[in-house]
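Peer 1: So I've got this file, structure_22.pdb, and it contains PDB, C-alpha atoms:
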```
ATOM      1  CA  MET A   1      24.652-148.355 -58.990
ATOM      2  CA  THR A   2      27.482-150.901 -59.087
ATOM      3  CA  ALA A   3      30.328-150.175 -61.506
ATOM      4  CA  PRO A   4      30.752-152.640 -64.401
ATOM      5  CA  PRO A   5      33.459-155.308 -63.950
ATOM      6  CA  GLN A   6      35.628-153.721 -66.659
ATOM      7  CA  GLN A   7      35.691-150.385 -64.816
ATOM      8  CA  LEU A   8      36.555-152.118 -61.553
ATOM      9  CA  LEU A   9      39.394-153.921 -63.300
ATOM     10  CA  GLN A  10      40.725-150.657 -64.726
ATOM     11  CA  LEU A  11      40.553-149.013 -61.303
ATOM     12  CA  ALA A  12      42.422-151.943 -59.774
ATOM     13  CA  ARG A  13      45.129-151.696 -62.430
ATOM     14  CA  ARG A  14      45.518-147.956 -61.875
ATOM     15  CA  ALA A  15      45.717-148.445 -58.124
ATOM     16  CA  SER A  16      48.365-151.140 -58.580
ATOM     17  CA  THR A  17      50.385-148.930 -60.922
ATOM     18  CA  ILE A  18      50.244-146.007 -58.498
ATOM     19  CA  SER A  19      51.236-148.243 -55.574
ATOM     20  CA  ILE A  20      54.179-149.782 -57.429
ATOM     21  CA  THR A  21      55.356-146.381 -58.661
ATOM     22  CA  SER A  22      55.118-144.903 -55.164
ATOM     23  CA  LEU A  23      56.965-147.837 -53.595
ATOM     24  CA  THR A  24      59.703-147.676 -56.227
ATOM     25  CA  GLY A  25      60.110-143.944 -55.723
ATOM     26  CA  TRP A  26      60.216-144.267 -51.932
ATOM     27  CA  THR A  27      62.753-147.105 -52.161
ATOM     28  CA  SER A  28      64.993-145.056 -54.440
ATOM     29  CA  TYR A  29      64.696-142.014 -52.173
ATOM     30  CA  LYS A  30      65.625-143.965 -49.027
ATOM     31  CA  ALA A  31      68.466-145.793 -50.786
ATOM     32  CA  ASN A  32      70.017-142.463 -51.735
ATOM     33  CA  THR A  33      69.296-140.364 -48.645
ATOM     34  CA  ASP A  34      69.414-142.880 -45.791
ATOM     35  CA  PRO A  35      70.857-146.132 -47.164
ATOM     36  CA  LEU A  36      70.731-149.435 -45.373
ATOM     37  CA  HIS A  37      74.097-150.843 -44.277
ATOM     38  CA  ILE A  38      74.062-154.543 -45.095
ATOM     39  CA  PHE A  39      76.767-156.695 -43.507
ATOM     40  CA  TRP A  40      77.377-160.057 -45.177
ATOM     41  CA  ASP A  41      79.005-163.120 -43.728
ATOM     42  CA  LEU A  42      80.848-165.273 -46.285
ATOM     43  CA  ASP A  43      81.158-168.975 -45.430
ATOM     44  CA  HIS A  44      77.855-170.871 -45.449
ATOM     45  CA  THR A  45      75.960-167.630 -46.088
ATOM     46  CA  ILE A  46      76.831-166.736 -49.678
ATOM     47  CA  LEU A  47      79.337-169.509 -50.401
ATOM     48  CA  CYS A  48      80.634-172.920 -49.417
ATOM     49  CA  SER A  49      84.304-173.917 -49.541
ATOM     50  CA  VAL A  50      85.402-177.533 -49.837
ATOM     51  CA  THR A  51      88.819-178.675 -48.619
ATOM     52  CA  PRO A  52      90.599-180.692 -49.937
ATOM     53  CA  LEU A  53      89.657-180.336 -53.582
ATOM     54  CA  PRO A  54      86.920-182.744 -54.673
ATOM     55  CA  SER A  55      88.521-185.970 -55.898
ATOM     56  CA  ASP A  56      86.492-186.045 -59.114
ATOM     57  CA  HIS A  57      87.938-182.749 -60.353
ATOM     58  CA  THR A  58      91.356-181.219 -60.812
ATOM     59  CA  ALA A  59      92.527-177.789 -59.780
ATOM     60  CA  ASN A  60      92.584-176.761 -63.436
ATOM     61  CA  ASP A  61      88.880-177.394 -64.066
ATOM     62  CA  GLU A  62      87.058-174.594 -65.811
ATOM     63  CA  LYS A  63      84.817-172.418 -63.672
ATOM     64  CA  HIS A  64      81.826-173.246 -65.815
ATOM     65  CA  ASN A  65      81.394-176.771 -67.126
ATOM     66  CA  ASP A  66      78.856-178.024 -69.641
ATOM     67  CA  THR A  67      76.048-179.532 -67.580
ATOM     68  CA  ASN A  68      74.141-181.057 -70.483
ATOM     69  CA  GLY A  69      75.323-184.431 -71.659
ATOM     70  CA  GLY A  70      74.839-185.920 -75.089
ATOM     71  CA  GLY A  71      72.240-188.319 -76.437
ATOM     72  CA  GLU A  72      68.842-188.628 -74.847
ATOM     73  CA  GLU A  73      69.985-186.947 -71.624
ATOM     74  CA  SER A  74      70.558-183.666 -73.450
ATOM     75  CA  SER A  75      66.790-183.191 -73.474
ATOM     76  CA  LEU A  76      66.895-182.843 -69.687
ATOM     77  CA  ILE A  77      67.406-179.200 -68.779
ATOM     78  CA  LYS A  78      69.713-179.195 -65.786
ATOM     79  CA  PRO A  79      70.238-176.367 -63.286
ATOM     80  CA  PRO A  80      72.888-173.780 -64.181
ATOM     81  CA  THR A  81      76.401-174.755 -63.178
ATOM     82  CA  ILE A  82      77.296-173.346 -59.769
ATOM     83  CA  HIS A  83      80.048-170.766 -60.197
ATOM     84  CA  HIS A  84      83.208-171.867 -58.421
ATOM     85  CA  PHE A  85      86.927-171.238 -58.321
ATOM     86  CA  ASP A  86      89.986-172.857 -56.746
ATOM     87  CA  GLN A  87      92.259-171.144 -54.259
ATOM     88  CA  ILE A  88      94.785-171.735 -51.494
ATOM     89  CA  ASP A  89      93.238-171.527 -48.040
ATOM     90  CA  ASP A  90      96.201-171.130 -45.703
ATOM     91  CA  ASP A  91      94.147-172.413 -42.780
ATOM     92  CA  PHE A  92      94.848-175.845 -44.284
ATOM     93  CA  PRO A  93      98.129-177.580 -45.206
ATOM     94  CA  TYR A  94      99.791-176.682 -48.504
ATOM     95  CA  THR A  95     103.263-176.530 -50.018
ATOM     96  CA  PRO A  96     104.987-174.056 -52.372
ATOM     97  CA  LEU A  97     104.082-176.438 -55.202
ATOM     98  CA  THR A  98     100.389-176.497 -54.314
ATOM     99  CA  VAL A  99      98.231-174.925 -57.016
ATOM    100  CA  ALA A 100      95.100-174.979 -54.862
ATOM    101  CA  ASN A 101      93.763-176.863 -51.861
ATOM    102  CA  THR A 102      90.227-175.468 -51.686
ATOM    103  CA  ARG A 103      87.293-175.129 -54.049
ATOM    104  CA  THR A 104      84.847-172.310 -53.305
ATOM    105  CA  TYR A 105      81.284-172.461 -54.637
ATOM    106  CA  PHE A 106      79.038-169.403 -54.674
ATOM    107  CA  ARG A 107      75.504-170.035 -53.502
ATOM    108  CA  PRO A 108      72.941-170.128 -56.326
ATOM    109  CA  GLY A 109      71.361-166.694 -56.584
ATOM    110  CA  ALA A 110      73.996-165.059 -54.372
ATOM    111  CA  LYS A 111      75.651-162.894 -57.020
ATOM    112  CA  VAL A 112      72.328-161.479 -58.228
ATOM    113  CA  ALA A 113      71.143-160.939 -54.650
ATOM    114  CA  LEU A 114      74.322-159.071 -53.745
ATOM    115  CA  TRP A 115      74.012-156.859 -56.814
ATOM    116  CA  LEU A 116      70.397-155.999 -55.964
ATOM    117  CA  CYS A 117      71.247-155.256 -52.340
ATOM    118  CA  SER A 118      74.110-153.009 -53.443
ATOM    119  CA  LYS A 119      71.480-150.831 -55.138
ATOM    120  CA  LEU A 120      69.450-150.620 -51.930
ATOM    121  CA  GLY A 121      72.275-149.665 -49.616
ATOM    122  CA  ILE A 122      75.944-150.133 -48.803
ATOM    123  CA  CYS A 123      77.214-153.705 -48.622
ATOM    124  CA  HIS A 124      79.970-154.672 -46.190
ATOM    125  CA  VAL A 125      81.835-157.924 -45.505
ATOM    126  CA  TYR A 126      81.968-159.242 -41.945
ATOM    127  CA  THR A 127      83.658-162.629 -41.708
ATOM    128  CA  ALA A 128      85.576-164.705 -39.193
ATOM    129  CA  ALA A 129      87.860-165.907 -41.995
ATOM    130  CA  GLN A 130      91.446-164.721 -42.363
ATOM    131  CA  GLU A 131      92.454-161.831 -44.627
ATOM    132  CA  SER A 132      94.074-163.861 -47.439
ATOM    133  CA  TYR A 133      91.023-166.103 -47.843
ATOM    134  CA  THR A 134      88.667-163.111 -47.727
ATOM    135  CA  MET A 135      90.624-161.200 -50.366
ATOM    136  CA  ASN A 136      90.714-164.248 -52.664
ATOM    137  CA  ILE A 137      86.926-164.435 -52.526
ATOM    138  CA  LEU A 138      86.377-160.719 -53.079
ATOM    139  CA  GLN A 139      88.756-160.728 -56.037
ATOM    140  CA  GLU A 140      86.631-163.437 -57.643
ATOM    141  CA  LEU A 141      83.239-162.170 -56.517
ATOM    142  CA  ASP A 142      83.643-158.410 -56.864
ATOM    143  CA  PRO A 143      86.870-157.606 -58.764
ATOM    144  CA  ASN A 144      85.747-154.065 -59.657
ATOM    145  CA  LYS A 145      84.533-153.286 -56.121
ATOM    146  CA  GLU A 146      81.079-152.382 -57.365
ATOM    147  CA  VAL A 147      79.112-154.468 -54.858
ATOM    148  CA  PHE A 148      81.027-154.193 -51.591
ATOM    149  CA  ARG A 149      81.518-150.445 -51.239
ATOM    150  CA  GLY A 150      81.753-150.511 -47.454
ATOM    151  CA  VAL A 151      84.251-151.969 -45.008
ATOM    152  CA  VAL A 152      85.787-155.437 -45.030
ATOM    153  CA  LEU A 153      86.122-156.953 -41.565
ATOM    154  CA  HIS A 154      87.949-160.242 -40.992
ATOM    155  CA  ARG A 155      89.649-161.961 -38.089
ATOM    156  CA  THR A 156      93.146-160.869 -39.170
ATOM    157  CA  GLY A 157      92.259-157.232 -38.566
ATOM    158  CA  TYR A 158      89.773-157.839 -35.778
ATOM    159  CA  PRO A 159      90.473-161.124 -33.924
ATOM    160  CA  ARG A 160      87.641-160.558 -31.441
ATOM    161  CA  ILE A 161      85.187-161.689 -34.130
ATOM    162  CA  VAL A 162      85.957-165.307 -33.290
ATOM    163  CA  ARG A 163      85.528-164.910 -29.551
ATOM    164  CA  ASP A 164      82.892-162.217 -29.124
ATOM    165  CA  GLY A 165      80.779-162.360 -32.273
ATOM    166  CA  LYS A 166      80.241-159.604 -34.813
ATOM    167  CA  ASP A 167      79.966-156.240 -33.120
ATOM    168  CA  LEU A 168      78.552-153.681 -35.557
ATOM    169  CA  THR A 169      79.742-150.780 -33.408
ATOM    170  CA  VAL A 170      83.271-151.605 -34.586
ATOM    171  CA  VAL A 171      82.549-149.622 -37.746
ATOM    172  CA  MET A 172      80.765-146.873 -35.826
ATOM    173  CA  GLY A 173      83.668-145.791 -33.659
ATOM    174  CA  GLY A 174      81.903-147.385 -30.701
ATOM    175  CA  GLY A 175      83.945-150.547 -30.257
ATOM    176  CA  THR A 176      85.554-151.452 -26.966
ATOM    177  CA  SER A 177      89.063-150.581 -28.086
ATOM    178  CA  ASN A 178      91.064-149.413 -31.070
ATOM    179  CA  ASP A 179      93.667-152.063 -30.351
ATOM    180  CA  ASP A 180      93.236-155.641 -31.452
ATOM    181  CA  ASP A 181      94.197-158.689 -29.423
ATOM    182  CA  ASN A 182      97.579-158.903 -31.138
ATOM    183  CA  GLY A 183      98.620-155.452 -30.038
ATOM    184  CA  GLY A 184      97.987-153.920 -33.441
ATOM    185  CA  THR A 185      95.599-151.207 -34.492
ATOM    186  CA  ASN A 186      92.175-151.990 -35.879
ATOM    187  CA  THR A 187      92.174-150.066 -39.160
ATOM    188  CA  TYR A 188      88.461-150.573 -39.745
ATOM    189  CA  LYS A 189      87.270-147.987 -37.236
ATOM    190  CA  LYS A 190      85.093-145.273 -38.712
ATOM    191  CA  GLU A 191      84.042-141.929 -37.361
ATOM    192  CA  PRO A 192      81.082-142.032 -34.936
ATOM    193  CA  ASN A 193      77.620-141.868 -36.495
ATOM    194  CA  ASP A 194      78.836-142.974 -39.938
ATOM    195  CA  ILE A 195      76.616-146.007 -39.462
ATOM    196  CA  ARG A 196      73.624-146.083 -37.132
ATOM    197  CA  LEU A 197      72.381-149.330 -35.643
ATOM    198  CA  GLU A 198      68.830-148.577 -36.751
ATOM    199  CA  ARG A 199      70.097-148.698 -40.353
ATOM    200  CA  ALA A 200      72.401-151.726 -40.025
ATOM    201  CA  ILE A 201      71.566-155.374 -40.672
ATOM    202  CA  LEU A 202      73.760-158.477 -40.511
ATOM    203  CA  PHE A 203      73.122-161.624 -42.564
ATOM    204  CA  ASP A 204      74.868-164.640 -41.028
ATOM    205  CA  ASP A 205      74.283-168.369 -40.644
ATOM    206  CA  LYS A 206      75.520-168.352 -37.020
ATOM    207  CA  VAL A 207      73.067-166.826 -34.561
ATOM    208  CA  SER A 208      75.794-166.539 -31.908
ATOM    209  CA  ASN A 209      77.418-163.787 -33.990
ATOM    210  CA  PHE A 210      74.420-161.524 -33.257
ATOM    211  CA  LYS A 211      75.111-161.424 -29.519
ATOM    212  CA  PRO A 212      76.968-158.043 -29.356
ATOM    213  CA  GLN A 213      73.792-156.204 -30.454
ATOM    214  CA  LYS A 214      71.565-158.476 -28.359
ATOM    215  CA  TYR A 215      70.360-160.191 -31.550
ATOM    216  CA  GLU A 216      68.490-157.041 -32.642
ATOM    217  CA  ASN A 217      70.310-156.515 -35.954
ATOM    218  CA  GLY A 218      70.958-160.057 -37.140
ATOM    219  CA  VAL A 219      68.968-162.192 -39.570
ATOM    220  CA  SER A 220      69.688-165.909 -39.439
ATOM    221  CA  VAL A 221      70.453-167.444 -42.838
ATOM    222  CA  LEU A 222      69.918-171.086 -43.745
ATOM    223  CA  PRO A 223      73.483-172.474 -43.870
ATOM    224  CA  PHE A 224      74.763-173.266 -47.351
ATOM    225  CA  SER A 225      76.521-176.345 -46.038
ATOM    226  CA  GLU A 226      78.500-178.912 -47.991
ATOM    227  CA  GLU A 227      75.521-181.243 -47.683
ATOM    228  CA  ARG A 228      73.209-178.697 -49.330
ATOM    229  CA  LEU A 229      75.865-177.962 -51.947
ATOM    230  CA  ASN A 230      76.120-181.632 -52.910
ATOM    231  CA  LYS A 231      72.370-181.756 -53.444
ATOM    232  CA  CYS A 232      72.708-178.952 -55.996
ATOM    233  CA  LEU A 233      75.549-180.550 -57.924
ATOM    234  CA  SER A 234      74.673-182.797 -60.829
ATOM    235  CA  SER A 235      74.902-186.490 -60.003
ATOM    236  CA  THR A 236      73.346-188.048 -63.078
ATOM    237  CA  ASN A 237      74.631-191.333 -64.392
ATOM    238  CA  ASN A 238      76.641-190.834 -67.572
ATOM    239  CA  SER A 239      77.743-194.447 -67.972
ATOM    240  CA  SER A 240      77.317-196.481 -71.147
ATOM    241  CA  SER A 241      74.177-198.058 -69.722
ATOM    242  CA  SER A 242      72.432-194.708 -69.540
ATOM    243  CA  SER A 243      70.182-195.673 -72.460
ATOM    244  CA  SER A 244      68.361-198.255 -70.367
ATOM    245  CA  SER A 245      64.913-197.391 -69.072
ATOM    246  CA  SER A 246      65.858-197.722 -65.404
ATOM    247  CA  SER A 247      68.957-195.558 -65.796
ATOM    248  CA  SER A 248      67.047-192.872 -67.695
ATOM    249  CA  ASN A 249      64.419-192.817 -64.986
ATOM    250  CA  GLU A 250      67.132-192.513 -62.343
ATOM    251  CA  ASN A 251      68.767-189.643 -64.214
ATOM    252  CA  TYR A 252      65.427-187.876 -64.505
ATOM    253  CA  HIS A 253      64.880-188.028 -60.747
ATOM    254  CA  CYS A 254      68.454-186.874 -60.123
ATOM    255  CA  VAL A 255      67.911-183.807 -62.295
ATOM    256  CA  MET A 256      64.631-183.029 -60.535
ATOM    257  CA  ASP A 257      66.375-183.329 -57.166
ATOM    258  CA  ASN A 258      69.127-180.993 -58.398
ATOM    259  CA  TRP A 259      66.545-178.435 -59.495
ATOM    260  CA  THR A 260      64.722-178.651 -56.161
ATOM    261  CA  ALA A 261      67.935-178.091 -54.211
ATOM    262  CA  TYR A 262      69.104-175.311 -56.545
ATOM    263  CA  LEU A 263      65.820-173.404 -56.281
ATOM    264  CA  GLN A 264      65.830-173.721 -52.498
ATOM    265  CA  GLU A 265      69.123-171.821 -52.406
ATOM    266  CA  VAL A 266      67.813-169.185 -54.818
ATOM    267  CA  LYS A 267      64.710-168.851 -52.640
ATOM    268  CA  GLU A 268      66.837-168.206 -49.554
ATOM    269  CA  MET A 269      68.814-165.473 -51.314
ATOM    270  CA  ALA A 270      65.564-163.940 -52.606
ATOM    271  CA  ARG A 271      64.305-163.882 -49.010
ATOM    272  CA  LEU A 272      67.330-161.833 -47.955
ATOM    273  CA  VAL A 273      66.743-159.375 -50.799
ATOM    274  CA  GLY A 274      63.113-159.038 -49.710
ATOM    275  CA  ILE A 275      64.174-158.337 -46.127
ATOM    276  CA  SER A 276      66.606-155.701 -47.396
ATOM    277  CA  VAL A 277      63.874-154.020 -49.436
ATOM    278  CA  TRP A 278      61.536-153.976 -46.462
ATOM    279  CA  GLY A 279      64.274-152.652 -44.207
ATOM    280  CA  THR A 280      64.900-149.877 -46.712
ATOM    281  CA  VAL A 281      61.294-148.702 -47.049
ATOM    282  CA  HIS A 282      60.002-149.306 -43.505
ATOM    283  CA  LEU A 283      58.374-146.051 -42.421
ATOM    284  CA  SER A 284      59.939-146.168 -38.963
ATOM    285  CA  GLY A 285      63.402-146.026 -40.512
ATOM    286  CA  ASP A 286      64.506-148.667 -38.007
ATOM    287  CA  VAL A 287      65.556-151.941 -39.624
ATOM    288  CA  ARG A 288      65.528-153.632 -36.212
ATOM    289  CA  LYS A 289      61.731-153.636 -36.316
ATOM    290  CA  VAL A 290      61.923-155.622 -39.549
ATOM    291  CA  VAL A 291      64.476-158.011 -38.030
ATOM    292  CA  ASP A 292      62.186-158.570 -35.051
ATOM    293  CA  TRP A 293      59.256-159.349 -37.343
ATOM    294  CA  VAL A 294      61.375-161.789 -39.375
ATOM    295  CA  ARG A 295      62.477-163.544 -36.187
ATOM    296  CA  LYS A 296      58.884-163.917 -34.992
ATOM    297  CA  LEU A 297      57.853-165.209 -38.410
ATOM    298  CA  ASN A 298      60.614-167.820 -38.289
ATOM    299  CA  GLU A 299      59.504-168.876 -34.814
ATOM    300  CA  ASP A 300      55.935-169.305 -36.057
ATOM    301  CA  ASP A 301      57.161-171.403 -38.997
ATOM    302  CA  ASN A 302      59.187-173.616 -36.658
ATOM    303  CA  GLU A 303      56.137-174.186 -34.467
ATOM    304  CA  VAL A 304      54.132-175.286 -37.492
TER     305      VAL A 304
END
```
In structure tokens, write the structure found in this file.

Peer 2:
Amino acid sequence: MTAPPQQLLQLARRASTISITSLTGWTSYKANTDPLHIFWDLDHTILCSVTPLPSDHTANDEKHNDTNGGGEESSLIKPPTIHHFDQIDDDFPYTPLTVANTRTYFRPGAKVALWLCSKLGICHVYTAAQESYTMNILQELDPNKEVFRGVVLHRTGYPRIVRDGKDLTVVMGGGTSNDDDNGGTNTYKKEPNDIRLERAILFDDKVSNFKPQKYENGVSVLPFSEERLNKCLSSTNNSSSSSSSSSSNENYHCVMDNWTAYLQEVKEMARLVGISVWGTVHLSGDVRKVVDWVRKLNEDDNEV
């Protein structure tokens, strides 16, 4: 005799509850006993820096501006303002009187994604940027050092990043040398077996950086380029003619375009969180199997 639909629905709900509870418990167990080591690139992965400062703003702009205008346009709900701050990037010209020469925007969804990933494992920074620039970003992004609890690798301490890519064995005690190219000592070396390659994953927008591990540990990220950033920024017309029908229609489409671009960036960060979750709970314990699956999935999408 077939069970009534209501009983089948109850059984399905119970099965779903048990599955979710089991997955949550397994995720928590793995995060505490065998955490994933997540290495994050900075530029074009979780942020985009613009140099020189945008001409339509000053260095003293507030980090969060009101995105809703007055009048009829206030009824249009615009995307949240992209968090940004101004800094001096000493890779570019500046003088002692320069307040800032660079504006850094954090990718929509990046801060939440980083926080979630920090609960799944240990987050590290692995960037080809110089130390001063890296520290400026971390001071703004993670002032209490609650997200990035691992190592911070940059080209000042490890110049080979620029030439050879991002070798994860550097933090495993398995790098080629303890001396950097400038004759100094690489202070980021850790004891062997602190981090195992089967539990390490690198998120970066440049595939060439995955070469040291033969591309087995790297997940390619859609670059958060200046072009993509500009699509997220509000470009509505706030002129006195904004009350006209054509201008209102134009503003409406601008806001919709902003939302589309903004959500695309959030979607990309959500994808990285999903990959981190899967890497954490994968029964093999080897995140490289997840990376391989993601790569094949991307190849299939490109073929379509």

Peer 1: With 9 Å as the threshold, what does the neighbourhood of (69.6, -155.6, -39.0) contain in terms of residues, counting all atoms listed in the file? Coordinates are those of the file; answer as a list in words.

Peer 2: Leu36, His37, Ile38, Phe39, Leu197, Glu198, Arg199, Ala200, Ile201, Leu202, Phe203, Tyr215, Glu216, Asn217, Gly218, Val219, Ser276, Gly279, Asp286, Val287, Arg288, Lys289, Val290, Val291 and Asp292 of chain A

Peer 1: Kindly export the residues of the current selection with C-alpha atoms, as a PDB file, in the coordinates of the input.

Peer 2:
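The file below, selection-v5.pdb, is the result:
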```
ATOM      1  CA  LEU A  36      70.731-149.435 -45.373  1.00  0.00           C
ATOM      2  CA  HIS A  37      74.097-150.843 -44.277  1.00  0.00           C
ATOM      3  CA  ILE A  38      74.062-154.543 -45.095  1.00  0.00           C
ATOM      4  CA  PHE A  39      76.767-156.695 -43.507  1.00  0.00           C
ATOM      5  CA  LEU A 197      72.381-149.330 -35.643  1.00  0.00           C
ATOM      6  CA  GLU A 198      68.830-148.577 -36.751  1.00  0.00           C
ATOM      7  CA  ARG A 199      70.097-148.698 -40.353  1.00  0.00           C
ATOM      8  CA  ALA A 200      72.401-151.726 -40.025  1.00  0.00           C
ATOM      9  CA  ILE A 201      71.566-155.374 -40.672  1.00  0.00           C
ATOM     10  CA  LEU A 202      73.760-158.477 -40.511  1.00  0.00           C
ATOM     11  CA  PHE A 203      73.122-161.624 -42.564  1.00  0.00           C
ATOM     12  CA  TYR A 215      70.360-160.191 -31.550  1.00  0.00           C
ATOM     13  CA  GLU A 216      68.490-157.041 -32.642  1.00  0.00           C
ATOM     14  CA  ASN A 217      70.310-156.515 -35.954  1.00  0.00           C
ATOM     15  CA  GLY A 218      70.958-160.057 -37.140  1.00  0.00           C
ATOM     16  CA  VAL A 219      68.968-162.192 -39.570  1.00  0.00           C
ATOM     17  CA  SER A 276      66.606-155.701 -47.396  1.00  0.00           C
ATOM     18  CA  GLY A 279      64.274-152.652 -44.207  1.00  0.00           C
ATOM     19  CA  ASP A 286      64.506-148.667 -38.007  1.00  0.00           C
ATOM     20  CA  VAL A 287      65.556-151.941 -39.624  1.00  0.00           C
ATOM     21  CA  ARG A 288      65.528-153.632 -36.212  1.00  0.00           C
ATOM     22  CA  LYS A 289      61.731-153.636 -36.316  1.00  0.00           C
ATOM     23  CA  VAL A 290      61.923-155.622 -39.549  1.00  0.00           C
ATOM     24  CA  VAL A 291      64.476-158.011 -38.030  1.00  0.00           C
ATOM     25  CA  ASP A 292      62.186-158.570 -35.051  1.00  0.00           C
TER      26      ASP A 292
END
```

Peer 1: So what does the PyMOL selection byres ((chain A and resi 223) around 12) actually pick up in this one, as a list in words?

Peer 2: Asp41, Leu42, Asp43, His44, Thr45, Ile46, Leu47, Cys48, Arg107, Phe203, Asp204, Asp205, Lys206, Val207, Ser220, Val221, Leu222, Phe224, Ser225, Glu226, Glu227, Arg228, Leu229, Gln264, Glu265, Glu268 and Met269 of chain A

Peer 1: Calculated over all atoms listed in the file, which of the candidates A:Lys30, A:His124, A:Lys214, A:Arg196 has the smallest distance to Val151 in chain A?

Peer 2: A:His124

Peer 1: With distances taken over all atoms listed in the file, which residue among A:Gly109, A:Gly274, A:Gly285, A:Pro35 lies nearest Pro80 in chain A?

Peer 2: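 Distance minimum relative to Pro80 in chain A lands on A:Gly109.
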
Peer 1: Enumerate, as a PyMOL selection string, the residues matched when the PyMOL selection byres ((chain A and resi 252-256) around 10) is run on the file above.

Peer 2: chain A and resi 73+76-79+231-237+246-251+257-262

Peer 1: Could you list, as a ChimeraX atom specification, every residue matched by the PyMOL selection byres ((chain A and resi 128-144) around 10) in this structure?

Peer 2: /A:41-43,47,83-91,104,106,110-111,114-115,125-127,145-149,152-163,165-166,209

Peer 1: Record the distance separating CA of Leu120 in chain A and CA of Val266 in chain A, expressed in Å with one decimal.

Peer 2: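 According to the coordinates, CA of Leu120 in chain A and CA of Val266 in chain A are separated by 18.9 Å.
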
Peer 1: What is the CA of Ser208 in chain A to CA of Leu168 in chain A distance in Å?

Peer 2: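 Between CA of Ser208 in chain A and CA of Leu168 in chain A the gap is 13.6 Å.
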
Peer 1: Measuring atom to atom with only C-alpha atoms, identify which of A:Thr102, A:Ser16, A:Gln10, A:Asn230 is nearest to Thr51 in chain A.

Peer 2: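 Nearest to Thr51 in chain A: A:Thr102.
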
Peer 1: Go ahead and compute the interatomic distance for CA of Ile20 in chain A and CA of Lys267 in chain A, in Å to one decimal.

Peer 2: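 Separating CA of Ile20 in chain A from CA of Lys267 in chain A is a distance of 22.3 Å.
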
Peer 1: Pick out the residues sitting within 8 Å of Ala113 in chain A, and hand them over as an MDAnalysis selection string; count only C-alpha atoms, and ignore anything fewer than 5 positions along from it in its own chain.

Peer 2: chainID A and resid 269:270 272:273

Peer 1: Taking only C-alpha atoms into account, name the residue in A:Thr21, A:Thr81, A:Thr95, A:Ala31 that is nearest to Pro108 in chain A.

Peer 2: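 The answer is A:Thr81, which sits nearest to Pro108 in chain A.
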